[in-house]
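A.B. asks: This is the content of work.pdb (PDB, C-alpha atoms, pLDDT in the B column):
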```pdb
ATOM      1  CA  MET A   1     108.025 -56.803   4.371  1.00 81.00           C
ATOM      2  CA  LEU A   2     108.184 -56.611   8.180  1.00 89.00           C
ATOM      3  CA  PHE A   3     107.559 -60.338   8.570  1.00 85.00           C
ATOM      4  CA  THR A   4     110.173 -61.176   5.935  1.00 80.00           C
ATOM      5  CA  ALA A   5     112.716 -59.079   7.824  1.00 86.00           C
ATOM      6  CA  MET A   6     111.700 -60.734  11.097  1.00 88.00           C
ATOM      7  CA  GLN A   7     112.119 -64.160   9.509  1.00 82.00           C
ATOM      8  CA  LEU A   8     115.549 -63.271   8.146  1.00 82.00           C
ATOM      9  CA  VAL A   9     116.755 -61.947  11.509  1.00 88.00           C
ATOM     10  CA  GLY A  10     115.261 -64.896  13.398  1.00 86.00           C
ATOM     11  CA  GLY A  11     116.722 -67.402  10.952  1.00 82.00           C
ATOM     12  CA  LEU A  12     120.154 -65.814  11.155  1.00 84.00           C
ATOM     13  CA  ILE A  13     120.035 -65.887  14.965  1.00 88.00           C
ATOM     14  CA  LEU A  14     119.069 -69.573  14.897  1.00 84.00           C
ATOM     15  CA  SER A  15     121.839 -70.379  12.423  1.00 82.00           C
ATOM     16  CA  VAL A  16     124.539 -68.443  14.275  1.00 87.00           C
ATOM     17  CA  GLY A  17     123.354 -69.975  17.553  1.00 87.00           C
ATOM     18  CA  TRP A  18     124.947 -73.292  16.591  1.00 88.00           C
ATOM     19  CA  ILE A  19     128.428 -71.822  16.220  1.00 91.00           C
ATOM     20  CA  PRO A  20     129.297 -71.814  19.967  1.00 93.00           C
ATOM     21  CA  GLN A  21     128.426 -75.538  20.152  1.00 92.00           C
ATOM     22  CA  ILE A  22     130.600 -76.309  17.139  1.00 92.00           C
ATOM     23  CA  VAL A  23     133.513 -74.292  18.552  1.00 95.00           C
ATOM     24  CA  GLN A  24     133.146 -76.043  21.929  1.00 95.00           C
ATOM     25  CA  ILE A  25     133.213 -79.485  20.302  1.00 94.00           C
ATOM     26  CA  ILE A  26     136.275 -78.669  18.229  1.00 94.00           C
ATOM     27  CA  ARG A  27     138.105 -77.055  21.140  1.00 96.00           C
ATOM     28  CA  THR A  28     137.448 -79.823  23.686  1.00 94.00           C
ATOM     29  CA  ARG A  29     137.163 -82.715  21.213  1.00 93.00           C
ATOM     30  CA  SER A  30     134.452 -84.044  23.475  1.00 93.00           C
ATOM     31  CA  VAL A  31     130.846 -84.883  22.663  1.00 93.00           C
ATOM     32  CA  ALA A  32     130.190 -86.947  25.777  1.00 90.00           C
ATOM     33  CA  ASP A  33     127.228 -84.841  26.908  1.00 90.00           C
ATOM     34  CA  LEU A  34     125.607 -84.492  23.502  1.00 93.00           C
ATOM     35  CA  SER A  35     122.805 -86.750  22.334  1.00 94.00           C
ATOM     36  CA  LEU A  36     123.270 -87.964  18.771  1.00 94.00           C
ATOM     37  CA  LYS A  37     119.594 -88.991  18.685  1.00 95.00           C
ATOM     38  CA  ALA A  38     118.472 -85.470  19.600  1.00 94.00           C
ATOM     39  CA  TYR A  39     120.629 -83.888  16.910  1.00 92.00           C
ATOM     40  CA  LEU A  40     119.478 -86.444  14.333  1.00 93.00           C
ATOM     41  CA  LEU A  41     115.857 -85.590  15.155  1.00 94.00           C
ATOM     42  CA  MET A  42     116.639 -81.887  14.765  1.00 89.00           C
ATOM     43  CA  LEU A  43     118.318 -82.654  11.449  1.00 88.00           C
ATOM     44  CA  LEU A  44     115.245 -84.572  10.270  1.00 91.00           C
ATOM     45  CA  GLY A  45     113.003 -81.664  11.244  1.00 89.00           C
ATOM     46  CA  ILE A  46     115.222 -79.221   9.402  1.00 86.00           C
ATOM     47  CA  LEU A  47     115.281 -81.475   6.317  1.00 87.00           C
ATOM     48  CA  LEU A  48     111.476 -81.458   6.292  1.00 89.00           C
ATOM     49  CA  MET A  49     111.426 -77.663   6.718  1.00 86.00           C
ATOM     50  CA  GLU A  50     113.976 -77.378   3.906  1.00 85.00           C
ATOM     51  CA  ALA A  51     111.671 -79.312   1.564  1.00 88.00           C
ATOM     52  CA  TYR A  52     108.841 -76.952   2.539  1.00 87.00           C
ATOM     53  CA  ALA A  53     111.097 -73.917   1.979  1.00 85.00           C
ATOM     54  CA  VAL A  54     112.062 -75.160  -1.492  1.00 87.00           C
ATOM     55  CA  ASN A  55     108.373 -75.595  -2.308  1.00 89.00           C
ATOM     56  CA  LEU A  56     107.624 -72.053  -1.121  1.00 86.00           C
ATOM     57  CA  ALA A  57     110.573 -70.609  -3.064  1.00 85.00           C
ATOM     58  CA  ALA A  58     109.411 -72.425  -6.218  1.00 89.00           C
ATOM     59  CA  GLN A  59     106.078 -70.637  -5.833  1.00 91.00           C
ATOM     60  CA  GLY A  60     107.867 -67.292  -5.599  1.00 86.00           C
ATOM     61  CA  VAL A  61     107.472 -66.806  -1.854  1.00 84.00           C
ATOM     62  CA  GLY A  62     109.442 -67.840   1.198  1.00 78.00           C
ATOM     63  CA  LEU A  63     112.896 -67.123  -0.186  1.00 78.00           C
ATOM     64  CA  ALA A  64     113.970 -65.738   3.205  1.00 76.00           C
ATOM     65  CA  PHE A  65     112.947 -69.029   4.818  1.00 77.00           C
ATOM     66  CA  LEU A  66     115.027 -70.977   2.310  1.00 77.00           C
ATOM     67  CA  ILE A  67     118.071 -68.745   2.779  1.00 76.00           C
ATOM     68  CA  THR A  68     118.169 -68.967   6.567  1.00 76.00           C
ATOM     69  CA  ASN A  69     117.520 -72.671   6.986  1.00 72.00           C
ATOM     70  CA  SER A  70     120.263 -73.947   9.279  1.00 63.00           C
ATOM     71  CA  LEU A  71     120.741 -77.348   7.639  1.00 68.00           C
ATOM     72  CA  ALA A  72     124.502 -77.006   7.257  1.00 74.00           C
ATOM     73  CA  VAL A  73     125.256 -76.121  10.867  1.00 80.00           C
ATOM     74  CA  VAL A  74     123.152 -78.913  12.364  1.00 83.00           C
ATOM     75  CA  THR A  75     124.747 -81.344   9.922  1.00 86.00           C
ATOM     76  CA  THR A  76     128.153 -80.121  11.135  1.00 88.00           C
ATOM     77  CA  VAL A  77     127.241 -80.874  14.764  1.00 90.00           C
ATOM     78  CA  VAL A  78     125.988 -84.360  13.843  1.00 91.00           C
ATOM     79  CA  LEU A  79     129.177 -85.100  11.900  1.00 91.00           C
ATOM     80  CA  LEU A  80     131.337 -83.867  14.790  1.00 92.00           C
ATOM     81  CA  ILE A  81     129.439 -86.068  17.255  1.00 92.00           C
ATOM     82  CA  ILE A  82     129.961 -89.098  15.018  1.00 92.00           C
ATOM     83  CA  ARG A  83     133.649 -88.240  14.482  1.00 91.00           C
ATOM     84  CA  TYR A  84     134.561 -87.770  18.135  1.00 90.00           C
ATOM     85  CA  ARG A  85     132.430 -90.648  19.423  1.00 88.00           C
ATOM     86  CA  SER A  86     134.035 -93.025  16.922  1.00 80.00           C
ATOM     87  CA  ARG A  87     137.431 -92.132  18.410  1.00 74.00           C
ATOM     88  CA  GLY A  88     136.242 -93.454  21.756  1.00 65.00           C
ATOM     89  CA  GLN A  89     136.225 -90.055  23.431  1.00 50.00           C
ATOM     90  CA  GLN A  90     132.941 -90.112  25.283  1.00 46.00           C
TER
END
```
Kindly return the structure encoded in the file as structure tokens.

C.D. replies:
Amino acid sequence: MLFTAMQLVGGLILSVGWIPQIVQIIRTRSVADLSLKAYLLMLLGILLMEAYAVNLAAQGVGLAFLITNSLAVVTTVVLLIIRYRSRGQQ
């Protein structure tokens, strides 16, 4: 129970940690200092962890891991980088 709670809190912190970056991108409309390759690698890693989390949840364990996976927020950052770079604002 303790480790499940720790995982939930840690996962929530990691997920919420992306919000300041997203707000900064939207506010400044600039992604000049962000590396698309780095965020794509993070997205790949999270996709692999998501597959693992689904497997764990299917076995009846690891639901907390599945819930807190930050796939959506990293995907948001990648999409924002692509959007603002395609406008020529680097």

A.B. asks: Carefully work through the PyMOL selection byres ((chain A and resi 73-89) around 9) for this structure and note down the residues it includes, as a VMD selection string.

C.D. replies: chain A and resid 15 to 16 18 to 19 21 to 22 25 to 26 29 to 32 34 to 36 39 to 40 42 to 43 46 70 to 72 90

A.B. asks: If you measure from CA of Ile13 in chain A to CA of Lys37 in chain A, what distance in Å do you get, rounded to one decimal?

C.D. replies: 23.4 Å

A.B. asks: For Ala64 in chain A, which residue among A:Met49, A:Leu8, A:Leu14, A:Leu41 is the nearest when counting all atoms listed in the file?

C.D. replies: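 When distances to Ala64 in chain A are compared using all atoms listed in the file, the smallest one comes from A:Leu8.
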
A.B. asks: Excluding same-chain residues fewer than 2 positions from Thr4 in chain A, what lies within 9 Å of it counting all atoms listed in the file, as an mmCIF file with C-alpha atoms, keeping the file's coordinate frame?

C.D. replies:
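Heads up, here's the output in selection-v5.cif:
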```
data_model
loop_
_atom_site.group_PDB
_atom_site.id
_atom_site.type_symbol
_atom_site.label_atom_id
_atom_site.label_comp_id
_atom_site.auth_asym_id
_atom_site.auth_seq_id
_atom_site.Cartn_x
_atom_site.Cartn_y
_atom_site.Cartn_z
ATOM 1 C CA MET A 1 108.025 -56.803 4.371
ATOM 2 C CA LEU A 2 108.184 -56.611 8.180
ATOM 3 C CA MET A 6 111.700 -60.734 11.097
ATOM 4 C CA GLN A 7 112.119 -64.160 9.509
ATOM 5 C CA LEU A 8 115.549 -63.271 8.146
ATOM 6 C CA VAL A 9 116.755 -61.947 11.509
ATOM 7 C CA GLY A 62 109.442 -67.840 1.198
ATOM 8 C CA LEU A 63 112.896 -67.123 -0.186
ATOM 9 C CA ALA A 64 113.970 -65.738 3.205
ATOM 10 C CA PHE A 65 112.947 -69.029 4.818
#
```

A.B. asks: Box for range 11-23 of chain A - axis-aligned, 8 Å on each of the six sides, all listed atoms - centre and size in Å to one decimal, as AutoDock Vina command-line options.

C.D. replies:
```
--center_x 125.1 --center_y -71.1 --center_z 15.6 --size_x 32.8 --size_y 26.5 --size_z 25.2
```

A.B. asks: Counting all atoms listed in the file, what is within 10 Å of Ile67 in chain A, bar same-chain residues fewer than 6 positions away, as a CSV table (one decimal) with C-alpha atoms, in the frame of the given file?

C.D. replies:
```csv
chain,number,residue,atom,x,y,z
A,8,LEU,CA,115.5,-63.3,8.1
A,11,GLY,CA,116.7,-67.4,11.0
A,12,LEU,CA,120.2,-65.8,11.2
A,50,GLU,CA,114.0,-77.4,3.9
A,53,ALA,CA,111.1,-73.9,2.0
A,54,VAL,CA,112.1,-75.2,-1.5
A,57,ALA,CA,110.6,-70.6,-3.1
```

A.B. asks: Can you tell me how far CA of Gly10 in chain A sits from CA of Asn69 in chain A, in Å to one decimal?

C.D. replies: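 Going from CA of Gly10 in chain A over to CA of Asn69 in chain A covers 10.3 Å.
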
A.B. asks: How many Å separate CA of Tyr52 in chain A from CA of Ala5 in chain A?

C.D. replies: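 Going from CA of Tyr52 in chain A over to CA of Ala5 in chain A covers 19.0 Å.
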